[in-house]
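Undergrad: Mind looking over this structure? Questions follow.
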Amino acid sequence: MNLDLLAIAAHPDDIELSCGGTLLKMAQRGYKTGILDLTAGEMGTRGTPEIRAREAAKAAKLLRVTLRETLGVPDSDVQPSRQHKLRLAAVIRRLRPKTVILPYWEARHPDHYHASSLGYEGCFLAGLRQLPLEGEPYRPFKILYSISYANVRPTFVVDISAQYEQRRKAILAFGSQFRPKKSERGGKVHLAIDRLEAEMNQLARHYGQMIGVQYGEPFLQKELMRVEDVVKLEVRSI
């Protein structure tokens, strides 16, 4: 497949909320993009795996991704076990993404921070020649961490002002989560997800303001960035 960009996250809708605008922007630039949901979100209070699969397919079309797949890890049991890592490594060898986006390694939800470890270790194992897996050994060139959920300073922010409205439509494609019927709301039970879409929109404005645009999505990378031309750096200092 030779994807240019693959985003990996624990549940359907995680990608849309954290880096959907960036995926759409890269697709609009002609790159092959993909989403790998580790679980089907079957433990969610709202919606069934079947409903969420249909919603995920609709959101994928809105984000113009080349493919969207589910790894099949049990929801609420995302962890870097040997079994899950080998399954993910096989997918990395098949899709051969140049860049991978993972969740930040600290989060409230255990599935989210375990997804970060599982994603990194699966990418690493995919490059081991002696690993008994189908396909040629391969490792992504770059791993980025989406930090929309995290209270850390980003390495860089992607301007998604032009993609913001389409990203919002992709988020709202998960109607079971963000636009549930009254009968599905659980009476007086209020879930964190009830505020999530609004919070992600607020954060997009916040990070956009940090780089002088309307909306942005923040990312972190562990290694230093290389700069060739310091005269042409963007974002004003004073």
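Convention: chains lettered A, B, ... in structure tokens order; per-chain residue numbering from 1; ligands numbered from 1 as shown.
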Where in region 79-125 of chain A does DSSP assign strand (DSSP E), given as JSON, numbers by chain?
TA: {"A": [99, 100, 101, 102, 103]}
Undergrad: Please identify all polymer residues within 8 Å of Leu62 (chain A), counting only C-alpha atoms, omitting same-chain residues fewer than 3 positions from it, and present them as a list in words.
TA: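 Skipping anything fewer than 3 positions along the chain leaves Lys58, Ala59, Gln166, Arg167, Lys169 and Ala170 of chain A.
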Undergrad: Can you work out which one of A:Leu133, A:Leu220, A:Leu118, A:Ile8 has the shortest atom-to-atom distance to Arg153 (chain A), counting only C-alpha atoms?
TA: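 Closest residue, counting only C-alpha atoms: A:Leu220.
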Undergrad: So that I can check the surroundings of region 12-23 of chain A, please list as a short mmCIF file (atom, residue, chain, number, x, y, z; two decimals) with N, CA and C atoms, in the first residue's frame every protein, DNA and RNA residue that reaches within 6 Å of it, counting only C-alpha atoms and ignoring chain neighbours fewer than 3 positions away.
TA:
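The new file result_38.cif reads:
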data_model
loop_
_atom_site.label_atom_id
_atom_site.label_comp_id
_atom_site.auth_asym_id
_atom_site.auth_seq_id
_atom_site.Cartn_x
_atom_site.Cartn_y
_atom_site.Cartn_z
N MET A 26 -3.63 16.66 4.52
CA MET A 26 -2.64 15.88 3.80
C MET A 26 -3.26 15.15 2.60
N ASP A 37 -8.19 2.05 13.62
CA ASP A 37 -8.83 2.02 14.93
C ASP A 37 -8.45 0.70 15.60
N SER A 148 -3.81 16.76 21.41
CA SER A 148 -5.02 17.54 21.65
C SER A 148 -5.59 17.28 23.04
N ILE A 160 -5.32 24.16 10.36
CA ILE A 160 -6.44 23.43 9.77
C ILE A 160 -7.65 24.35 9.55
N GLN A 163 -9.74 23.32 6.77
CA GLN A 163 -10.29 21.98 6.93
C GLN A 163 -11.22 21.88 8.14
N ARG A 167 -13.75 18.81 9.17
CA ARG A 167 -13.38 18.03 10.35
C ARG A 167 -14.56 17.95 11.32
N ILE A 171 -16.51 14.66 12.80
CA ILE A 171 -16.77 14.38 14.21
C ILE A 171 -18.24 14.09 14.44
#
